[in-house]
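Enquirer: Here's a structure for you.
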Amino acid sequence: MTAFTAILVDGYRELVAKKLFTLSMILSLLVVAVIGIGGLNEQGVTIVGFTIEVPFVNSTMFTPAEFYKLMFNSVGVKFWLGWLACLLALVSSAGMFPEMVSSGVVENMLSRPISRWRLYIYKFTAGLLFTSLQMAVFCLASFLVIGLRGGAWEPGLFLAIPLVTLLYSYLFAMSALLGTVTRSAIAALLLTILFWGFLFIVNSAETIVNGFRIGSVKECQAIEALIQKRKKENPDVDISDLQTELERDQSTLSNLALWHRVVFAVKTVLPKTDETTSLLQRWTLEASNMKDEGAEDAEEVAANAQKQRRRGGPGFGNSRAKTSVVVAAIEADQRSRGVGWILGTSVAFEIVTLGVGCWLFSRRDF
Amino acid sequence: MVSQNQNVISLECVSKVYGGNTHALRNVSLNVGAGEIFGLLGPNGAGKSTLVKVLLTVVKPTVARGEMLGKPIGDKKTLTRVGYLPEQHRLAPYLTARQAVEFVAALSGVDRATRKKRAAELLDRVGLSKWIDRRVNVFSKGMRQRAGLAAALVNDPQIVFLDEPTDGVDPVGRVEIRDLLIQMRREGRTVFLNSHLLGEAEQVCDRVAILVQGRVVKQGRMDDLQKEGSRQELTVRWGGSSASAGANSQMEVGLGGAVTLNSAASARSLPFRGVNISPTITAEGNHQYVFGDVDASAAQPALDAVRATGGEIISLVPMHQRLEELFMKIVIDPTTGKAPPPGAGS
C-alpha cells in the first residue's frame with residue numbers, strides 16, 4: 001500500500017509539473033463557463049443577452065435544466081472530455097511508461113521489493129489521475145452551473161467521472177502497452193491515436209450499417225403493412241409494384257444484416273468509446289423528445305419523404321417507414337445494448353491489453 | 001545484521017545468455033563477505049552491471065544458483081534490505097531531492113515517519129542539506145549522484161550496490177564518496193562496488209573480483225592480490241669501478257641470471273632485464289646501483305652476493321603490485337598483446 005500511494009503521489013506530482021495539465025484544467029473550466037453563460041428563450045439560445053435563433057433548441061422544447069444537461073453531455077462530455085481532453089491526457093501521459101522503462105529509471109523501480117506486474121498496474125492507475133482529476137473539477141463546476149442556472153441539482157452528473165475515466169483507461173491501457181514495447185513516447189502516442197481512430201471508424205461503420213439495416217427492416221415492415229392495407233381495401237388490387245419493392249428491400253436487408261453482423265463482431269471485441277460516454281446521456285437525460293411528424297400511413301410517409309428528399313433531406317430506402325419510427329427503432333436498438341455488454345466487453349479488452357503489457361514488462365530484461 | 005566473516009552473497013553459478021548466443025555472464029561464482037567493500041572490476045562490457053542487475057531482479061538470469069542474505073537470488077522480499085545506485089541513474093526531474101529519496105524509500109516499503117527522518121539525515125550526510133527542497137532538475141551531475149547515494153541508503157540496507165558511484169563527480173566529491181563508503185563499512189554494511197576506476201577500488205576495497213567477458217578471471221583479498229607476484233627494489237653500493245666489476249659475476253649468481261655480466265673491464269653499467277643500470281657516483285666515489293623489480297625468490301642470494309663482494313646493502317624495499325598492473329596482466333591477451341574487445345563474448 002505504501003508503494004501504491006507513493007506511485008500515485010508521484011504520478012500527481014508529475015502531472016502538476018506539466019503545463020499541459022494546468023492548461024487542460026483551465027480549458028475545462030472555460031468550457032463549463034461557456035455552457036453556464038448560455039441560456040434559452042422562446043426564440044432560441046441566448047448568450048450574454050444576445051439570442052441565436054435555433055428552431056429546435058428553445059424554451060418551448062427544453063426546460064433550462066434539460067438544456068444545461070444536454071449541453072453538459074453533448075458539448076462537455078461528448079466533445080470536450082470525450083475527445084479533446086482525452087487527447088490532451090494522452091499527450092500528457094504518453095511518456096509515463098517509456099520513461100519508467102528507460103535506462104537509469106527502471107533499475108530503481110525493479111530493484112525494489114514489488115513485483116513487476118504490481119508496478120505496471122500501479123503506474124497505470126497513476127496515469128488515470130489526469131483524466132479523473134480533470135473530470136472531478138469539470139463535474140463539480142457543471143453541477144454548480146446546472147444547479148444555479150438550471151435549477152436542477154443533478155448528482156448523476158458525477159457519474160461522468162468514472163465513465164470518462166473508464167473511456168480514457170481503454171486508450172491509456174493501449175498507450176501503456178505501446179510505450180512499454182516501443183520505449184518511445186511519440187510512437188506510443190501516435191499508435192494510440194491510430195488505434196483510437198480505428199475504434200472511431202469501426203464504431204461509425206457499425207452505427208451507419210445498423211441505421212440502414214434498421215431502416216431497411218422498418219421499410220419492409222411498412223411495405224408489408226401497405227400490401228395488407230391495400231389487399232384489405234380491395235382483394236383484387238395489383239400489388240406487383242409493391243411486391244417488387246419488397247423483394248428488393250428484403251434483398252438489401254439481407255446484405256445489410258450480413259455486413260452488420262461482421263462489423264458488430266469486430267466492434268464487440270473492441271472498446272466502445274462512444275457508447276461508454278453515451279451511457280451518461282442515457283442515465284441523466286430523458287428519452288428522445290423528438291416529435292412525431294403526424295403522417296399516418298406508408299403512402300403518406302413516402303410522399304412526405306419524397307418532398308423532403310427534393311429539399312435535400314435524409315431518408316431511408318423509398319422512405320415508406322416514418323423517420324421517427326426508424327430513429328426510435330435505432331434508439332431502442334442502441335438502448336437494448338446493455339451496460340454489461342458495453343462496459344463488460346470494453347473492460348475485457350482493457351484487461352487483455354493490460355495483461356499483455358504486464359506480461360511483457362515482467363519478462364523483459366532492462 | 002549478518003555477522004562478520006559470513007557471506008552475504010554467495011554465487012555458485014550465474015549465467016546470462018542473450019538471444020541464445022551472446023554470453024553476458026558465464027558461470028560466475030563468487031562470495032562477498034559481510035561488512036566488506038567488495039569491488040567488481042572489469043573492462044567496459046565485461047558484464048559487471050549485468051551481474052548486479054541479475055542480483056537485483058532487473059535482469060532475468062539464464063541460470064542463477066546462489067544466495068543473497070540467505071535467500072535465493074531473485075527473492076523480492078530480500079530487496080527490502082538492499083540498496084542500489086544504478087549506473088547513470090536518473091531521478092525524476094519534477095521531484096525535490098527530499099521527495100526523490102522518500103519515493104525510493106516508499107518503494108522499498110519504509111514507513112512514512114522513518115522515510116521522512118532518514119531522507120533528511122542522509123541528504124545532510126551527502127552534503128545536500130541546503131538543496132533538500134530544490135528540484136532535482138537544477139542539480140549538477142555530482143549532486144544528482146549524491147542524491148542517488150542518499151536514496152540507496154534510505155532503507156537502511158545491509159548490502160549497498162553502487163554502480164560507478166563516482167561517475168561524473170569532481171575530485172573533491174570523489175574523496176567524499178570514498179569516505180562515505182568507508183563509513184558504510186564501519187556501520188557494518190556490505191558495499192558491492194562496480195567500477196572500472198582501479199585506483200579508486202584499490203583504495204577502498206577489501207576484496208575484488210575481475211570480470212572479463214562475463215567470466216570471473218581473478219578474485220581474492222586485495223592484500224593477497226597485491227602480494228601475489230610482488231617485487232622488491234634493491235639498492236647496493238660498491239667502492240669504485242673495480243669493485244663493482246668484480247661484483248658482477250657474483251651478482252649474476254645472486255640474481256639467478258637476472259643480471260648479465262658485462263664483460264667489459266670498465267663495466268660501470270650493469271645490464272639488468274635488458275636495460276643498462278648505470279650507477280650513481282656518490283660523493284665518496286662509490287658506485288650505487290638500484291635494481292628494481294627483483295623477484296622475491298632472488299633477493300636473498302643477491303644480498304649474499306653483495307655481501308661476499310664487499311658491497312654495502314643500502315635498502316631492500318618490497319614493491320606491492322598495483323591493481324592496475326594486475327588488471328592489465330589479466331586483461332591483456334599475452335599472445336596478441338591486446339585487450340579483448342569490449343562487450344560480452346559470443
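Quick note on naming: the chains in the C-alpha cells go A, B, ... in the order shown, residues restart at 1 in each chain, and ligands are numbered from 1 in order of appearance.
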Could you list, as a list of chain:residue names, every residue of chain B that has an atom within 8 Å of an atom of chain A, counting only C-alpha atoms?

Expert: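 Every residue meeting the condition is included here: B:Lys53, B:Leu56, B:Thr57, B:Val58, B:Val59, B:Lys60, B:Lys76, B:Lys77, B:Thr78, B:Leu79, B:Thr80, B:Tyr84, B:Leu85, B:Pro86, B:Glu87, B:Gln88, B:His89, B:Arg90, B:Leu91, B:Tyr94, B:Leu95, B:Phe103, B:Val104, B:Ala106, B:Leu107, B:Ser108, B:Gly109, B:Val110, B:Asp111.
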
Enquirer: Name all residues at most 10 Å from Ala97 in chain B (count only C-alpha atoms; drop same-chain ones fewer than 5 positions away) and give them as a ChimeraX atom specification.

Expert: /B:91-92,102-103,119-120,123,128-129,131-137,139,143-144,146-148,150-151

Enquirer: Between A:Leu194, A:Val31, A:Leu88, A:Leu163, which one has atoms that come closest to Lys19 in chain A, using only C-alpha atoms?

Expert: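 Between A:Leu194, A:Val31, A:Leu88, A:Leu163, the residue approaching Lys19 in chain A most closely is A:Leu88.
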
Enquirer: List every residue of range 93-287 of chain B that DSSP, applied to the backbone of this structure, assigns to strand (DSSP E), and report them as a PyMOL selection string.

Expert: chain B and resi 159-163+190-195+207-212+215-221+231-238+270-272+275-277+280-281+287

Enquirer: Now that the selection is made, can you save its residues with C-alpha atoms as a PDB file, in the first residue's frame?

Expert:
```
ATOM      1  CA  ILE B 159      24.089  -4.548   1.248  1.00  0.00           C
ATOM      2  CA  VAL B 160      24.560  -1.470  -0.928  1.00  0.00           C
ATOM      3  CA  PHE B 161      25.213  -1.938  -4.635  1.00  0.00           C
ATOM      4  CA  LEU B 162      26.959   1.042  -6.163  1.00  0.00           C
ATOM      5  CA  ASP B 163      27.439   1.004  -9.908  1.00  0.00           C
ATOM      6  CA  THR B 190      28.448  -4.573   2.859  1.00  0.00           C
ATOM      7  CA  VAL B 191      29.308  -2.450  -0.134  1.00  0.00           C
ATOM      8  CA  PHE B 192      29.322  -4.024  -3.577  1.00  0.00           C
ATOM      9  CA  LEU B 193      31.198  -1.588  -5.759  1.00  0.00           C
ATOM     10  CA  ASN B 194      31.146  -1.824  -9.527  1.00  0.00           C
ATOM     11  CA  SER B 195      33.908   0.222 -11.017  1.00  0.00           C
ATOM     12  CA  ARG B 207      38.220  -7.869  -1.786  1.00  0.00           C
ATOM     13  CA  VAL B 208      37.876  -7.698  -5.541  1.00  0.00           C
ATOM     14  CA  ALA B 209      36.864  -9.876  -8.430  1.00  0.00           C
ATOM     15  CA  ILE B 210      37.891  -9.180 -12.000  1.00  0.00           C
ATOM     16  CA  LEU B 211      35.349  -9.963 -14.656  1.00  0.00           C
ATOM     17  CA  VAL B 212      36.398 -10.300 -18.282  1.00  0.00           C
ATOM     18  CA  ARG B 215      33.898 -14.667 -16.583  1.00  0.00           C
ATOM     19  CA  VAL B 216      35.440 -14.129 -13.164  1.00  0.00           C
ATOM     20  CA  VAL B 217      39.109 -14.473 -14.001  1.00  0.00           C
ATOM     21  CA  LYS B 218      40.516 -13.448 -10.624  1.00  0.00           C
ATOM     22  CA  GLN B 219      39.165 -12.828  -7.164  1.00  0.00           C
ATOM     23  CA  GLY B 220      40.579 -12.536  -3.710  1.00  0.00           C
ATOM     24  CA  ARG B 221      41.563 -10.221  -0.907  1.00  0.00           C
ATOM     25  CA  ARG B 231      58.671  -7.376  -6.484  1.00  0.00           C
ATOM     26  CA  GLN B 232      61.416  -5.746  -4.476  1.00  0.00           C
ATOM     27  CA  GLU B 233      63.748  -2.868  -5.120  1.00  0.00           C
ATOM     28  CA  LEU B 234      67.369  -3.483  -4.167  1.00  0.00           C
ATOM     29  CA  THR B 235      69.869  -0.636  -3.702  1.00  0.00           C
ATOM     30  CA  VAL B 236      73.514  -1.609  -3.288  1.00  0.00           C
ATOM     31  CA  ARG B 237      76.864   0.207  -3.239  1.00  0.00           C
ATOM     32  CA  TRP B 238      80.406  -0.747  -4.042  1.00  0.00           C
ATOM     33  CA  LEU B 270      75.169  -3.437 -15.352  1.00  0.00           C
ATOM     34  CA  PRO B 271      72.662  -4.842 -17.852  1.00  0.00           C
ATOM     35  CA  PHE B 272      69.578  -5.936 -15.962  1.00  0.00           C
ATOM     36  CA  VAL B 275      68.297  -2.306 -19.508  1.00  0.00           C
ATOM     37  CA  ASN B 276      71.697  -0.955 -18.568  1.00  0.00           C
ATOM     38  CA  ILE B 277      71.622   0.081 -14.926  1.00  0.00           C
ATOM     39  CA  THR B 280      75.181   6.858  -9.246  1.00  0.00           C
ATOM     40  CA  ILE B 281      78.582   8.071  -8.147  1.00  0.00           C
ATOM     41  CA  HIS B 287      79.071   3.265  -7.226  1.00  0.00           C
TER      42      HIS B 287
END
```

Enquirer: Could you check which of A:Lys272, A:Ile26, A:Ala332, A:Phe349 is closest to Ile214 in chain A, using only C-alpha atoms?

Expert: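 Nearest candidate to Ile214 in chain A out of A:Lys272, A:Ile26, A:Ala332, A:Phe349: A:Ala332.
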
Enquirer: In Å, with one decimal, what is the gap from CA of Glu187 in chain B to CA of Glu200 in chain B?

Expert: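 CA of Glu200 in chain B lies at a distance of 20.3 Å from CA of Glu187 in chain B.
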